[in-house]
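Trainee: First the structure, which I've put down as structure tokens, then a few questions once you've had a look.
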Amino acid sequence: MRILLVDDETELTNPLTRLLTREGYNVDAAYDGSNGNELAQSDNYDLLILDWMLPGKTGLEICQELRRQGKTTPVLFLTAKDTLDDRVEGLDAGGDDYLVKPFELRELLARVRALLRRSSTQIQELATERLTVADLELDRENQFAYRQGRIIELSEKECQLLQYFMEHTGQLLTHAQIMQNLWNENEQPSSNAIAALIRLLRRKIEVTGEAQLIYTVYGKGYRFGISA
């Protein structure tokens with residue numbers, strides 16, 4: 001397991017690095033927010049331990065930036081701030097846990113183990129909830145898609161259509177099949193509903209410079225995949 005520790009107090013960071021290393025973790029340490037943020041962006045860590053107040057960029061800002069990018073690496077804040085409002089602010093920023101300085105090393109290790117266990121379970125669950133085709137990933141649970149670092153927000157129908165496409169990659173899907181899959185018998189979509197939905201979805205998942213994924217088979221339907 002890889003851990004990134006970012007804290008400008010060397011008298012704390014260096015002993016913690018040695019302790020975590022002895023526990024079997026691979027630990028990288030940074031002593032300012034700018035360097036810490038650069039390392040965190042690599043997305044190669046299983047856990048981030050961030051001091052709240054850092055020179056260059058605060059731990060709170062690092063966490064907020066990662067969450068805006070859709071990155072879910074667990075974050076444990078270390079801070080001298082101990083009011084309820086501070087804890088709420090940290091959690092609202094995307095932090096997963098909060099430890100007030102000074103703290104017992106045994107408690108830190110217990111928090112680290114708990115966050116890593118939770119993260120491992122969530123990764124296993126997400127593997128069953130997400131679909132991937134080429135460089136496109138669909139998070140069905142939250143109605144988001146991800147492509148080349150972009151977070152793509154989808155409507156319910158767009159998500160249903162994209163899921164249907166991704167589950168049938170390379171197959172010719174007729175208008176009738178798509179209609180039957182997306183609308184029930186009680187719904188009466190307009191005659192151009194599928195074409196309109198396809199157009200909206202293409203605008204979101206196929207921006208300039210990205211490979212085409214949705215292909216029109218004229219007079220028949222559509223095929224989804226990296227090439228027709």
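In the structure tokens, chains take the letters A, B, ... in the order shown, each chain's residues start at 1, and ligands count up from 1 in the order shown.
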Could you pull out the helix (DSSP H, G or I) residues of region 23-110 of chain A from DSSP and send them as a ChimeraX atom specification?
Mentor: /A:33-40,59-68,84-92,105-110
Trainee: Using only C-alpha atoms, which protein or nucleic acid residues come within 9 Å of Gly33 (chain A)? Drop anything in the same chain fewer than 2 positions from it, and give the result as a PDB file with C-alpha atoms, in the first residue's frame.
Mentor:
ATOM      1  CA  VAL A   6       2.224  15.925   3.523  1.00  0.00           C
ATOM      2  CA  ASP A   7       3.167  17.999   6.600  1.00  0.00           C
ATOM      3  CA  ASP A   8       5.561  20.910   6.998  1.00  0.00           C
ATOM      4  CA  ALA A  30       6.300  16.173   1.154  1.00  0.00           C
ATOM      5  CA  TYR A  31       6.824  19.268   3.279  1.00  0.00           C
ATOM      6  CA  ASN A  35       4.925  19.611  -3.844  1.00  0.00           C
ATOM      7  CA  GLY A  36       2.309  17.576  -2.012  1.00  0.00           C
ATOM      8  CA  ASN A  37      -0.359  18.502  -4.546  1.00  0.00           C
ATOM      9  CA  GLU A  38       1.920  17.573  -7.450  1.00  0.00           C
ATOM     10  CA  LEU A  50      -2.572  15.793   4.751  1.00  0.00           C
ATOM     11  CA  ASP A  51      -1.817  18.503   7.247  1.00  0.00           C
ATOM     12  CA  MET A  53      -2.312  24.217   7.093  1.00  0.00           C
ATOM     13  CA  LEU A  54       0.561  24.007   4.603  1.00  0.00           C
ATOM     14  CA  PRO A  55       2.725  26.564   2.784  1.00  0.00           C
ATOM     15  CA  GLY A  56       1.926  26.947  -0.900  1.00  0.00           C
ATOM     16  CA  LYS A  57      -1.406  25.125  -0.872  1.00  0.00           C
ATOM     17  CA  THR A  58      -3.415  23.936   2.107  1.00  0.00           C
ATOM     18  CA  GLY A  59      -4.357  20.322   2.666  1.00  0.00           C
ATOM     19  CA  GLU A  61      -7.291  22.851  -1.118  1.00  0.00           C
ATOM     20  CA  ILE A  62      -5.412  19.726  -2.220  1.00  0.00           C
TER      21      ILE A  62
END
Trainee: For Ile151 (chain A), which residue among A:His168, A:Arg117, A:Lys71, A:Arg199 is the nearest when counting only C-alpha atoms?
Mentor: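 The closest residue to Ile151 (chain A) is A:Lys71.
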Trainee: Based on the backbone DSSP call, show me all residues of region 49-215 of chain A assigned strand (DSSP E), as a ChimeraX atom specification.
Mentor: /A:49-51,75-79,97-100,130-133,136-139,144-147,150-153,172-174,214-215
Trainee: Dump N, CA and C atoms for the selected residues as a compact mmCIF listing (two decimals), in the first residue's frame?
Mentor:
# COMPACT_ATOMS: atom_id res chain seq x y z
N ILE A 49 -2.33 11.43 3.66
CA ILE A 49 -2.38 12.00 5.00
C ILE A 49 -1.92 13.44 4.86
N LEU A 50 -2.83 14.39 5.05
CA LEU A 50 -2.57 15.79 4.75
C LEU A 50 -2.71 16.65 5.99
N ASP A 51 -1.68 17.46 6.25
CA ASP A 51 -1.82 18.50 7.25
C ASP A 51 -2.76 19.57 6.69
N VAL A 75 -8.59 10.46 2.17
CA VAL A 75 -7.80 11.54 2.76
C VAL A 75 -8.02 11.57 4.27
N LEU A 76 -6.91 11.53 5.01
CA LEU A 76 -6.92 11.70 6.46
C LEU A 76 -6.27 13.04 6.77
N PHE A 77 -7.04 13.95 7.38
CA PHE A 77 -6.49 15.25 7.75
C PHE A 77 -5.83 15.17 9.12
N LEU A 78 -4.64 15.80 9.23
CA LEU A 78 -3.97 16.02 10.51
C LEU A 78 -4.01 17.52 10.77
N THR A 79 -4.51 17.94 11.93
CA THR A 79 -4.65 19.36 12.16
C THR A 79 -4.77 19.69 13.63
N ASP A 97 -11.43 11.28 7.02
CA ASP A 97 -11.24 11.18 8.46
C ASP A 97 -10.43 12.37 8.93
N TYR A 98 -10.35 12.54 10.26
CA TYR A 98 -9.86 13.77 10.84
C TYR A 98 -9.20 13.41 12.15
N LEU A 99 -7.92 13.79 12.32
CA LEU A 99 -7.19 13.49 13.55
C LEU A 99 -6.57 14.79 14.07
N VAL A 100 -6.89 15.11 15.32
CA VAL A 100 -6.45 16.37 15.91
C VAL A 100 -5.09 16.18 16.59
N ARG A 130 -19.16 -0.22 -12.37
CA ARG A 130 -18.66 0.60 -13.47
C ARG A 130 -18.40 -0.25 -14.72
N LEU A 131 -18.64 0.37 -15.85
CA LEU A 131 -18.37 -0.25 -17.14
C LEU A 131 -17.27 0.54 -17.83
N THR A 132 -16.39 -0.15 -18.57
CA THR A 132 -15.30 0.52 -19.26
C THR A 132 -15.21 -0.01 -20.69
N VAL A 133 -15.16 0.91 -21.63
CA VAL A 133 -14.91 0.60 -23.03
C VAL A 133 -13.88 1.61 -23.53
N LEU A 136 -13.28 5.20 -22.03
CA LEU A 136 -14.51 5.72 -21.43
C LEU A 136 -14.95 4.81 -20.29
N GLU A 137 -15.26 5.42 -19.15
CA GLU A 137 -15.73 4.66 -17.99
C GLU A 137 -17.07 5.23 -17.55
N LEU A 138 -17.99 4.35 -17.22
CA LEU A 138 -19.33 4.76 -16.79
C LEU A 138 -19.55 4.34 -15.34
N ASP A 139 -19.89 5.33 -14.52
CA ASP A 139 -20.27 5.10 -13.12
C ASP A 139 -21.80 5.12 -13.09
N PHE A 144 -22.32 9.33 -13.78
CA PHE A 144 -21.18 10.06 -14.31
C PHE A 144 -20.42 9.16 -15.28
N ALA A 145 -19.81 9.78 -16.28
CA ALA A 145 -18.86 9.09 -17.14
C ALA A 145 -17.53 9.81 -17.01
N TYR A 146 -16.44 9.10 -17.33
CA TYR A 146 -15.10 9.67 -17.24
C TYR A 146 -14.35 9.34 -18.52
N ARG A 147 -13.75 10.36 -19.10
CA ARG A 147 -12.96 10.12 -20.32
C ARG A 147 -11.79 11.10 -20.38
N ARG A 150 -11.77 13.87 -17.99
CA ARG A 150 -12.99 14.67 -17.89
C ARG A 150 -14.05 13.94 -17.08
N ILE A 151 -14.81 14.70 -16.29
CA ILE A 151 -15.97 14.16 -15.60
C ILE A 151 -17.20 14.60 -16.39
N ILE A 152 -18.00 13.63 -16.80
CA ILE A 152 -19.15 13.90 -17.68
C ILE A 152 -20.42 13.59 -16.92
N GLU A 153 -21.22 14.61 -16.66
CA GLU A 153 -22.48 14.43 -15.96
C GLU A 153 -23.56 14.01 -16.96
N LEU A 172 -24.81 -4.24 -33.58
CA LEU A 172 -25.77 -3.34 -34.20
C LEU A 172 -27.04 -3.33 -33.36
N LEU A 173 -27.39 -2.16 -32.84
CA LEU A 173 -28.60 -2.01 -32.03
C LEU A 173 -29.62 -1.22 -32.84
N THR A 174 -30.76 -1.84 -33.10
CA THR A 174 -31.78 -1.20 -33.91
C THR A 174 -32.53 -0.14 -33.11
N ILE A 214 -19.74 6.36 -31.01
CA ILE A 214 -21.10 6.04 -31.46
C ILE A 214 -21.15 6.18 -32.99
N TYR A 215 -21.50 5.10 -33.66
CA TYR A 215 -21.56 5.10 -35.12
C TYR A 215 -23.00 4.87 -35.57
Trainee: Could you give me, as a list in words, the residues within 8 Å of region 39-41 of chain A, counting only C-alpha atoms and dropping anything in the same chain fewer than 6 positions from it?
Mentor: Leu4, Leu48, Ile62 and Leu66 of chain A
Trainee: In Å, how far is it from CA of Arg140 (chain A) to CA of Lys157 (chain A)?
Mentor: 11.4 Å
Trainee: With distances taken over only C-alpha atoms, which residue among A:Gln163, A:Thr216, A:Gln171, A:Ser155 lies nearest Leu197 (chain A)?
Mentor: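 Closest to Leu197 (chain A), using only C-alpha atoms: A:Ser155.
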Trainee: Looking at only C-alpha atoms, which of A:Leu200, A:Leu84, A:Leu12, A:Ile205 is the one that sits closest to Leu105 (chain A)?
Mentor: A:Leu12
Trainee: Would you mind listing what lies within 10 Å of Leu16 (chain A) as a list in words, with only C-alpha atoms counted and same-chain residues fewer than 2 positions away left out?
Mentor: Leu5, Thr10, Glu11, Leu12, Thr13, Asn14, Arg18, Leu19, Leu20, Thr21, Arg22, Val27, Ala29, Leu105, Leu108 and Leu109 of chain A
Trainee: In terms of the shortest atom-to-atom distance over only C-alpha atoms, which of A:Phe165, A:Tyr25, A:Phe103, A:Trp52 is closest to Gly221 (chain A)?
Mentor: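 That would be A:Phe165, the residue with the smallest distance to Gly221 (chain A).
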Trainee: Which one of A:Asn44, A:Thr208, A:Gln64, A:Ser191 sits closest to Ala93 (chain A) if you count only C-alpha atoms?
Mentor: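 Of all the options, A:Gln64 lies closest to Ala93 (chain A).
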Trainee: Using only C-alpha atoms, pick whichever of A:Asp46, A:Asp82, A:Glu141, A:Glu185 has the shortest atom-to-atom distance to Leu154 (chain A).
Mentor: A:Glu141
Trainee: What's the 8 Å shell around Leu115 (chain A), counting only C-alpha atoms, without same-chain residues fewer than 6 positions away, as a PyMOL selection string?
Mentor: chain A and resi 47+74+96
